[in-house]
Amino acid sequence: MSQSTPTRRGADFYILAAFFGLFVLFLYGPMLMIFILSFQGPTGGLTFPMRGVSTHWFHDLWSSSRYGDLGGAFRRSLILGVMAMLITATVCLFAALGFRRRFWGAGPIFYLSIISLIVPGILLGLGISQLFQILGLRLSWWLSGLGAHLSWTLPFGLLIMFAVLNRFDGSWEEAARDAGAHPWQVLRLVTVPILFPGLIAVALFGFTLSYDEMPRSLLTVGGKNTLPIEISNMTTNVTTPALYAIGTVTSAVSFLVIALAFAGIAIIQRQRSRAKRGKN
Amino acid sequence: MSARSPGSGSQLTPYLQVAPLALLILALVGIPIGTVFMLSFWESDGISVYPAFTWQNYHDVLTASVTLSLFANTLKYAAIVLVATVLIGFTCSYFLVFHVRNLKWQIGLFLLCTIPFWTSNVIRMVSWIPFLGREGLFNQMLMQAGLISQPLDILLYSDFAVVLTYIHLFTLFMIVPIFNSMAKINPNLIEAARDAGANPFQILTGIIIPLSKTGIALGSIFVVTLVMGDFFVVRVMSGGQSASVVSAMKNEIDQLFYPQASAMAVLLVLVVVLMVSAILRVVDIRAELAR
């Protein structure tokens with residue numbers, strides 16, 4: 001919210017702006033540095049100066065066997081991310097719609113979701129993996145691993161969906177029902193289209209939180225690792241810029257997904273404001 | 001949540017709608033936490049675990065001298081990081097809400113602060129290595145400026161590096177809730193205070209800080225639980241020289257001492273729950289969020 005008095009900007013504005021600028025530099029500077037260093041020449045090391053510019057370390061990632069099964073880990077992380085995204089968006093949409101009414105057990109389910117966010121991730125990983133052991137099930141990235149990811153993405157999805165529904169006017173649904181729409185038609189033709197930007201946000205959380213998840217995955221993926229686990233193993237035993245190269249690759253994927261989500265939301269909102277203007 | 005009766009007719013509808021979430025959360029959070037609790041009473045010989053009911057694991061953890069120092073170290077990290085993130089988060093939110101007047105700029109700069117949330121924490125941690133290392137950029141800059149003659153060793157693989165990384169990773173968890181609280185403050189309130197002769201400091205301490213309490217409390221819960229649940233940053237950024245409760249727990253898991261690790265986990269969760277309820281005692285978040 002802006003100040004209503006159009007006063008001239010004082011010294012405090014510039015001091016605070018400088019502080020904020022420094023914070024943004026602190027936030028992005030180090031990342032930017034490893035993006036640059038990942039293009040280090042073949043003889044370059046982990047720090048500046050740059051010894052030439054090359055894509056040597058990116059080639060090294062895919063051609064060398066030193067780094068384990070990076071390609072497979074990358075593929076598994078993408079598949080897990082998409083599965084977590086679809087399940088989170090669907091489950092949280094319905095759950096948040098249900099939470100609009102009072103029902104028995106609402107409190108415990110909500111608190112259990114919040115607890116999942118505040119307990120250490122590795123504890124839940126231990127719990128899920130030991131539960132599988134006790135039940136005599138094999139650990140696998142697509143079942144126990146996916147479950148561990150959902151324990152992280154579902155609570156976030158639920159909270160975002162609550163925020164989205166806070167601004168949703170239930171009378172649209174009522175109007176559709178009064179006009180004789182079947183519950184599925186209300187959902188498909190009214191609720192989902194109106195909530196779609198919010199659903200994109202939930203999907204963004206679902207994918208990225210799963211794609212980057214490490215502590216919960218560690219004990220639950222079984223024999224085949226996900227990308228963040230492979231990368232965290234590399235932090236202790238790789239001493240070449242290949243470590244930065246994989247960082248650049250995985251960050252590029254994240255930034256691409258964020259950009260797609262933001263663009264999707266922006267396009268829908270532009271269409272809506274245009275439609276609104278058209279009517280007036 | 002709207003007060004009107006949304007959703008269609010049947011009383012059964014909300015149950016059907018929430019059932020998938022309820023089942024998943026129960027299976028993936030409730031039962032696994034129960035499993036860890038149960039495991040904390042089992043016996044192990046370092047190869048396998050056996051069903052039992054023994055207090056031995058708790059006895060071992062509570063009588064080990066290292067436990068106290070682990071908890072003290074973890075709480076020390078949490079306290080330092082909490083103070084730093086509150087100060088940074090409050091200042092940045094204050095700037096965004098009260099000094100950036102253009103709404104587009106405000107939203108844009110706010111998103112700029114939150115984008116790293118959707119990227120990898122491991123990579124964000126790794127990215128401090130070329131800056132802080134012995135031959136890192138910071139040492140090079142200090143040497144060139146003539147401030148030091150020898151590169152500093154304490155920058156990387158030290159408590160300093162651990163705390164710096166925590167602040168780097170977790171400040172955005174403070175900015176988002178504080179920004180949300182501040183954005184809800186009615187500008188007329190500040191206007192009225194100014195008209196009544198309040199100076200900027202009085203406006204800050206009398207209006208803005210009290211009305212940002214919910215955000216500060218929510219952010220504090222996030223930051224405290226994140227720091228106390230971490231094992232990876234402390235392991236890598238301290239170069240193995242420092243330990244936290246969870247990193248010690250991770251070592252026991254690696255050695256297959258699951259019951260001991262579980263007992264430690266249960267104690268840690270107890271401490272975390274106590275801290276969270278202490279924060280909730282100061283601020284009634286549920287009442288404030290419904291505002």
# chains A, B, ... in the order shown; residues from 1 in each chain; ligands from 1
>>> residues_around(residues="Leu32 of chain A", least_positions_apart="3", cutoff="12 Å", atoms="only C-alpha atoms", output="CSV table (one decimal) with N, CA and C atoms, in the first residue's frame")
chain,number,residue,atom,x,y,z
A,24,VAL,N,18.9,-8.0,-2.2
A,24,VAL,CA,18.7,-8.7,-3.5
A,24,VAL,C,20.1,-9.3,-4.0
A,25,LEU,N,21.1,-8.4,-3.9
A,25,LEU,CA,22.4,-8.9,-4.3
A,25,LEU,C,22.9,-10.1,-3.5
A,26,PHE,N,22.6,-10.1,-2.2
A,26,PHE,CA,22.9,-11.2,-1.3
A,26,PHE,C,22.2,-12.5,-1.8
A,27,LEU,N,20.9,-12.2,-2.2
A,27,LEU,CA,20.0,-13.3,-2.6
A,27,LEU,C,20.5,-14.0,-3.9
A,28,TYR,N,20.9,-13.1,-4.9
A,28,TYR,CA,21.1,-13.6,-6.2
A,28,TYR,C,22.6,-13.7,-6.6
A,29,GLY,N,23.4,-12.9,-5.9
A,29,GLY,CA,24.8,-12.8,-6.3
A,29,GLY,C,25.6,-14.1,-6.4
A,35,PHE,N,26.7,-19.6,-11.9
A,35,PHE,CA,26.3,-19.7,-13.3
A,35,PHE,C,27.5,-19.3,-14.2
A,36,ILE,N,28.2,-18.2,-13.8
A,36,ILE,CA,29.3,-17.7,-14.6
A,36,ILE,C,30.5,-18.8,-14.6
A,37,LEU,N,30.7,-19.3,-13.4
A,37,LEU,CA,31.9,-20.2,-13.2
A,37,LEU,C,31.6,-21.5,-13.9
A,38,SER,N,30.4,-21.9,-14.1
A,38,SER,CA,30.1,-23.1,-14.8
A,38,SER,C,30.6,-23.1,-16.2
A,39,PHE,N,30.9,-21.9,-16.8
A,39,PHE,CA,31.4,-21.8,-18.1
A,39,PHE,C,32.9,-21.7,-18.1
A,244,TYR,N,29.2,-26.9,-10.6
A,244,TYR,CA,28.5,-25.6,-10.9
A,244,TYR,C,27.6,-25.8,-12.2
A,247,GLY,N,24.5,-27.4,-11.3
A,247,GLY,CA,23.8,-26.4,-10.7
A,247,GLY,C,23.1,-25.4,-11.6
A,248,THR,N,23.8,-25.1,-12.7
A,248,THR,CA,23.3,-24.2,-13.7
A,248,THR,C,22.1,-24.9,-14.5
A,251,SER,N,19.1,-25.2,-12.1
A,251,SER,CA,18.4,-23.9,-11.9
A,251,SER,C,17.7,-23.5,-13.1
A,252,ALA,N,18.3,-23.8,-14.3
A,252,ALA,CA,17.6,-23.3,-15.6
A,252,ALA,C,16.3,-24.0,-15.7
B,123,ILE,N,21.8,-26.1,-4.4
B,123,ILE,CA,22.5,-25.3,-5.3
B,123,ILE,C,22.8,-23.9,-4.6
B,124,ARG,N,21.8,-23.4,-4.0
B,124,ARG,CA,22.0,-22.0,-3.3
B,124,ARG,C,23.0,-22.1,-2.3
B,126,VAL,N,25.6,-24.4,-2.3
B,126,VAL,CA,26.9,-24.6,-3.0
B,126,VAL,C,27.4,-23.3,-3.5
B,127,SER,N,26.5,-22.4,-3.9
B,127,SER,CA,26.9,-21.1,-4.6
B,127,SER,C,27.7,-20.2,-3.7
B,128,TRP,N,27.8,-20.5,-2.4
B,128,TRP,CA,28.6,-19.7,-1.5
B,128,TRP,C,30.1,-20.1,-1.5
B,130,PRO,N,32.4,-20.6,-4.0
B,130,PRO,CA,33.3,-19.7,-4.7
B,130,PRO,C,33.5,-18.3,-4.1
B,131,PHE,N,32.5,-17.9,-3.3
B,131,PHE,CA,32.6,-16.6,-2.7
B,131,PHE,C,33.4,-16.6,-1.4
>>> interface_residues(of="chain A", to="chain B", cutoff="6 Å", atoms="only C-alpha atoms", output="PyMOL selection string")
chain A and resi 1-2+16+20+30-31+34+47+91+94-95+98+100+118+120+127-128+151+166+170+208+212+247+254
>>> write_last_selection(atoms="C-alpha atoms", output="PDB file, in the first residue's frame")
ATOM      1  CA  MET A   1       0.000   0.000   0.000  1.00  0.00           C
ATOM      2  CA  SER A   2       1.374   3.366  -0.899  1.00  0.00           C
ATOM      3  CA  LEU A  16      16.067   1.532   2.778  1.00  0.00           C
ATOM      4  CA  PHE A  20      16.929  -3.751  -0.126  1.00  0.00           C
ATOM      5  CA  PRO A  30      26.224 -16.133  -5.270  1.00  0.00           C
ATOM      6  CA  MET A  31      23.931 -17.962  -7.700  1.00  0.00           C
ATOM      7  CA  ILE A  34      28.236 -20.178 -10.055  1.00  0.00           C
ATOM      8  CA  THR A  47      36.999 -20.053  -7.996  1.00  0.00           C
ATOM      9  CA  VAL A  91      -6.157 -33.407  -4.238  1.00  0.00           C
ATOM     10  CA  PHE A  94     -11.044 -30.844  -3.809  1.00  0.00           C
ATOM     11  CA  ALA A  95      -9.820 -30.746  -0.214  1.00  0.00           C
ATOM     12  CA  GLY A  98     -14.472 -29.411   1.100  1.00  0.00           C
ATOM     13  CA  ARG A 100     -15.302 -24.486   3.089  1.00  0.00           C
ATOM     14  CA  ILE A 118       7.416 -28.306  10.745  1.00  0.00           C
ATOM     15  CA  PRO A 120      12.414 -32.296  10.205  1.00  0.00           C
ATOM     16  CA  GLY A 127       9.209 -42.922   9.311  1.00  0.00           C
ATOM     17  CA  ILE A 128       8.082 -43.691   5.765  1.00  0.00           C
ATOM     18  CA  SER A 151       4.067 -35.186   2.443  1.00  0.00           C
ATOM     19  CA  ASN A 166     -10.536 -16.811   0.254  1.00  0.00           C
ATOM     20  CA  GLY A 170     -19.275 -18.940  -3.871  1.00  0.00           C
ATOM     21  CA  THR A 208       9.323 -27.235  -7.827  1.00  0.00           C
ATOM     22  CA  ASP A 212      14.250 -29.854  -5.421  1.00  0.00           C
ATOM     23  CA  GLY A 247      23.752 -26.368 -10.656  1.00  0.00           C
ATOM     24  CA  SER A 254      13.516 -24.314 -12.179  1.00  0.00           C
TER      25      SER A 254
END
>>> residues_around(residues="Arg75 of chain A", least_positions_apart="4", cutoff="9 Å", atoms="only C-alpha atoms", output="count of residues only")
6
>>> residues_around(residues="Lys76 of chain B", least_positions_apart="6", cutoff="10 Å", atoms="only C-alpha atoms", output="mmCIF file with C-alpha atoms, in the first residue's frame")
data_model
loop_
_atom_site.group_PDB
_atom_site.id
_atom_site.type_symbol
_atom_site.label_atom_id
_atom_site.label_comp_id
_atom_site.auth_asym_id
_atom_site.auth_seq_id
_atom_site.Cartn_x
_atom_site.Cartn_y
_atom_site.Cartn_z
ATOM 1 C CA LEU B 70 24.068 -30.687 20.264
ATOM 2 C CA LEU B 82 16.054 -15.793 13.896
ATOM 3 C CA VAL B 163 24.786 -19.156 9.790
ATOM 4 C CA SER B 244 23.295 -30.162 15.070
#
>>> atom_distance(atom1="atom CA of Ile134 of chain A", atom2="atom CA of Ile115 of chain A")
23.1 Å
>>> atom_distance(atom1="atom CA of Gly10 of chain A", atom2="atom CA of Phe110 of chain B")
21.9 Å
>>> select_by_dssp(residues="segment 13-253 of chain A", states="helix (DSSP H, G or I)", output="JSON, numbers by chain")
{"A": [13, 14, 15, 16, 17, 18, 19, 20, 21, 22, 23, 24, 25, 26, 27, 28, 29, 30, 31, 32, 33, 34, 35, 36, 37, 56, 57, 58, 59, 60, 61, 62, 63, 70, 71, 72, 73, 74, 75, 76, 77, 78, 79, 80, 81, 82, 83, 84, 85, 86, 87, 88, 89, 90, 91, 92, 93, 94, 95, 96, 97, 98, 106, 107, 108, 109, 110, 111, 112, 113, 114, 115, 116, 117, 118, 121, 122, 123, 124, 125, 126, 127, 128, 129, 130, 131, 132, 133, 134, 135, 141, 142, 143, 144, 145, 146, 147, 148, 149, 150, 151, 152, 153, 154, 155, 156, 157, 158, 159, 160, 161, 162, 163, 164, 165, 166, 171, 172, 173, 174, 175, 176, 177, 178, 183, 184, 185, 186, 187, 188, 189, 190, 191, 192, 193, 194, 195, 196, 197, 198, 199, 200, 201, 202, 203, 204, 205, 206, 207, 208, 209, 210, 211, 215, 216, 217, 218, 227, 228, 229, 230, 231, 232, 233, 234, 235, 236, 237, 242, 243, 244, 245, 246, 247, 248, 249, 250, 251, 252, 253]}
>>> atom_distance(atom1="atom CA of Leu154 of chain A", atom2="atom CA of Ser210 of chain A")
10.3 Å
>>> residues_around(residues="segment 202-210 of chain B", least_positions_apart="3", cutoff="10 Å", atoms="only C-alpha atoms", output="compact mmCIF listing (two decimals) with N, CA and C atoms, in the first residue's frame")
# COMPACT_ATOMS: atom_id res chain seq x y z
N PHE B 90 11.99 -7.74 8.23
CA PHE B 90 11.17 -6.59 8.60
C PHE B 90 11.56 -5.36 7.77
N TYR B 94 9.16 -3.57 5.15
CA TYR B 94 8.83 -2.18 5.45
C TYR B 94 9.09 -1.30 4.23
N ILE B 178 5.65 -11.34 6.87
CA ILE B 178 5.67 -9.96 7.39
C ILE B 178 5.09 -9.01 6.35
N SER B 181 1.33 -9.23 6.49
CA SER B 181 0.75 -8.50 7.62
C SER B 181 0.78 -7.01 7.38
N MET B 182 1.93 -6.51 6.91
CA MET B 182 2.09 -5.06 6.74
C MET B 182 1.16 -4.53 5.67
N ILE B 185 -2.19 -3.37 6.80
CA ILE B 185 -2.35 -2.21 7.67
C ILE B 185 -3.04 -1.09 6.90
N LEU B 189 -4.74 4.71 9.17
CA LEU B 189 -4.29 4.61 10.55
C LEU B 189 -3.00 5.41 10.74
N ILE B 190 -2.09 5.24 9.78
CA ILE B 190 -0.80 5.93 9.85
C ILE B 190 -1.00 7.42 9.62
N GLU B 191 -1.89 7.71 8.67
CA GLU B 191 -2.23 9.10 8.38
C GLU B 191 -2.76 9.80 9.64
N ALA B 193 -2.35 8.91 12.75
CA ALA B 193 -1.31 9.04 13.77
C ALA B 193 -0.42 10.24 13.47
N ARG B 194 -0.13 10.41 12.17
CA ARG B 194 0.73 11.52 11.77
C ARG B 194 0.03 12.85 12.05
N GLY B 197 0.24 14.02 15.41
CA GLY B 197 1.54 14.49 15.85
C GLY B 197 2.55 13.41 16.17
N ALA B 198 2.27 12.16 15.77
CA ALA B 198 3.24 11.09 16.05
C ALA B 198 4.44 11.23 15.12
N ASN B 199 5.63 10.99 15.66
CA ASN B 199 6.81 11.03 14.80
C ASN B 199 7.02 9.64 14.18
N LYS B 213 2.90 -8.22 14.03
CA LYS B 213 3.24 -9.31 14.95
C LYS B 213 2.92 -10.70 14.38
N THR B 214 1.74 -10.82 13.76
CA THR B 214 1.36 -12.13 13.21
C THR B 214 2.38 -12.61 12.20
N GLY B 215 2.77 -11.71 11.30
CA GLY B 215 3.73 -12.07 10.28
C GLY B 215 5.07 -12.46 10.88
N ILE B 216 5.52 -11.67 11.87
CA ILE B 216 6.79 -11.98 12.52
C ILE B 216 6.70 -13.35 13.18
>>> residues_around(residues="Ser77 of chain A", least_positions_apart="4", cutoff="12 Å", atoms="only C-alpha atoms", output="number ranges by chain")
A: 70-73, 81-85, 141-142, 145-146, 149, 207-214, 217, 221, 224-231, 250, 253-254
>>> write_last_selection(atoms="N, CA and C atoms", output="tab-separated table (two decimals), in the first residue's frame")
chain	number	residue	atom	x	y	z
A	70	LEU	N	23.63	-39.38	-13.62
A	70	LEU	CA	22.97	-38.08	-13.58
A	70	LEU	C	21.76	-38.01	-14.50
A	71	GLY	N	21.90	-38.61	-15.70
A	71	GLY	CA	20.80	-38.58	-16.67
A	71	GLY	C	19.56	-39.26	-16.11
A	72	GLY	N	19.77	-40.45	-15.54
A	72	GLY	CA	18.65	-41.19	-14.95
A	72	GLY	C	18.04	-40.43	-13.78
A	73	ALA	N	18.91	-39.84	-12.94
A	73	ALA	CA	18.41	-39.09	-11.78
A	73	ALA	C	17.58	-37.89	-12.23
A	81	GLY	N	8.40	-34.91	-10.21
A	81	GLY	CA	7.87	-33.55	-10.12
A	81	GLY	C	6.51	-33.45	-10.78
A	82	VAL	N	6.38	-34.05	-11.97
A	82	VAL	CA	5.10	-33.98	-12.70
A	82	VAL	C	4.02	-34.75	-11.93
A	83	MET	N	4.37	-35.93	-11.41
A	83	MET	CA	3.38	-36.71	-10.65
A	83	MET	C	2.94	-35.93	-9.40
A	84	ALA	N	3.92	-35.39	-8.67
A	84	ALA	CA	3.59	-34.65	-7.45
A	84	ALA	C	2.73	-33.43	-7.79
A	85	MET	N	3.04	-32.79	-8.93
A	85	MET	CA	2.30	-31.61	-9.34
A	85	MET	C	0.84	-31.96	-9.62
A	141	TRP	N	11.58	-45.20	-5.82
A	141	TRP	CA	11.43	-43.75	-5.96
A	141	TRP	C	10.01	-43.37	-6.37
A	142	TRP	N	9.33	-44.26	-7.12
A	142	TRP	CA	8.01	-43.88	-7.64
A	142	TRP	C	6.88	-44.20	-6.67
A	145	GLY	N	9.17	-42.88	-2.52
A	145	GLY	CA	9.75	-41.57	-2.83
A	145	GLY	C	8.67	-40.55	-3.15
A	146	LEU	N	7.72	-40.95	-3.98
A	146	LEU	CA	6.61	-40.06	-4.33
A	146	LEU	C	5.82	-39.71	-3.07
A	149	HIS	N	7.54	-37.09	-1.13
A	149	HIS	CA	7.39	-35.78	-1.76
A	149	HIS	C	6.00	-35.19	-1.50
A	207	PHE	N	5.35	-28.90	-8.39
A	207	PHE	CA	6.49	-29.37	-9.18
A	207	PHE	C	7.82	-28.97	-8.55
A	208	THR	N	7.99	-27.68	-8.25
A	208	THR	CA	9.32	-27.23	-7.83
A	208	THR	C	9.70	-27.81	-6.46
A	209	LEU	N	8.74	-27.90	-5.54
A	209	LEU	CA	9.08	-28.43	-4.22
A	209	LEU	C	9.49	-29.89	-4.33
A	210	SER	N	8.84	-30.64	-5.22
A	210	SER	CA	9.20	-32.03	-5.41
A	210	SER	C	10.55	-32.14	-6.14
A	211	TYR	N	10.70	-31.33	-7.19
A	211	TYR	CA	11.90	-31.40	-8.03
A	211	TYR	C	13.17	-31.11	-7.21
A	212	ASP	N	13.07	-30.24	-6.21
A	212	ASP	CA	14.25	-29.85	-5.42
A	212	ASP	C	14.33	-30.55	-4.07
A	213	GLU	N	13.39	-31.45	-3.77
A	213	GLU	CA	13.33	-32.05	-2.44
A	213	GLU	C	14.51	-32.99	-2.20
A	214	MET	N	15.16	-32.85	-1.03
A	214	MET	CA	16.28	-33.73	-0.74
A	214	MET	C	16.13	-34.49	0.58
A	217	SER	N	13.65	-37.35	0.61
A	217	SER	CA	13.90	-38.37	-0.40
A	217	SER	C	15.01	-39.32	0.04
A	221	VAL	N	13.94	-43.21	-1.38
A	221	VAL	CA	13.92	-43.49	-2.82
A	221	VAL	C	14.46	-44.88	-3.16
A	224	LYS	N	17.60	-46.15	-6.45
A	224	LYS	CA	17.79	-45.16	-7.52
A	224	LYS	C	17.59	-43.75	-6.97
A	225	ASN	N	18.61	-42.90	-7.15
A	225	ASN	CA	18.57	-41.56	-6.57
A	225	ASN	C	17.82	-40.56	-7.43
A	226	THR	N	17.34	-39.49	-6.78
A	226	THR	CA	16.82	-38.35	-7.53
A	226	THR	C	17.96	-37.36	-7.74
A	227	LEU	N	17.72	-36.35	-8.57
A	227	LEU	CA	18.78	-35.39	-8.90
A	227	LEU	C	19.32	-34.64	-7.67
A	228	PRO	N	18.45	-34.09	-6.79
A	228	PRO	CA	19.02	-33.38	-5.63
A	228	PRO	C	19.92	-34.27	-4.76
A	229	ILE	N	19.60	-35.55	-4.66
A	229	ILE	CA	20.47	-36.44	-3.88
A	229	ILE	C	21.81	-36.61	-4.58
A	230	GLU	N	21.77	-36.81	-5.92
A	230	GLU	CA	23.02	-36.93	-6.67
A	230	GLU	C	23.86	-35.66	-6.50
A	231	ILE	N	23.19	-34.50	-6.57
A	231	ILE	CA	23.94	-33.24	-6.46
A	231	ILE	C	24.52	-33.10	-5.06
A	250	THR	N	20.15	-27.44	-13.43
A	250	THR	CA	18.95	-27.65	-12.63
A	250	THR	C	18.26	-26.32	-12.31
A	253	VAL	N	16.19	-25.30	-15.30
A	253	VAL	CA	14.89	-25.99	-15.32
A	253	VAL	C	13.92	-25.29	-14.38
A	254	SER	N	14.39	-24.98	-13.15
A	254	SER	CA	13.52	-24.31	-12.18
A	254	SER	C	13.03	-22.98	-12.73
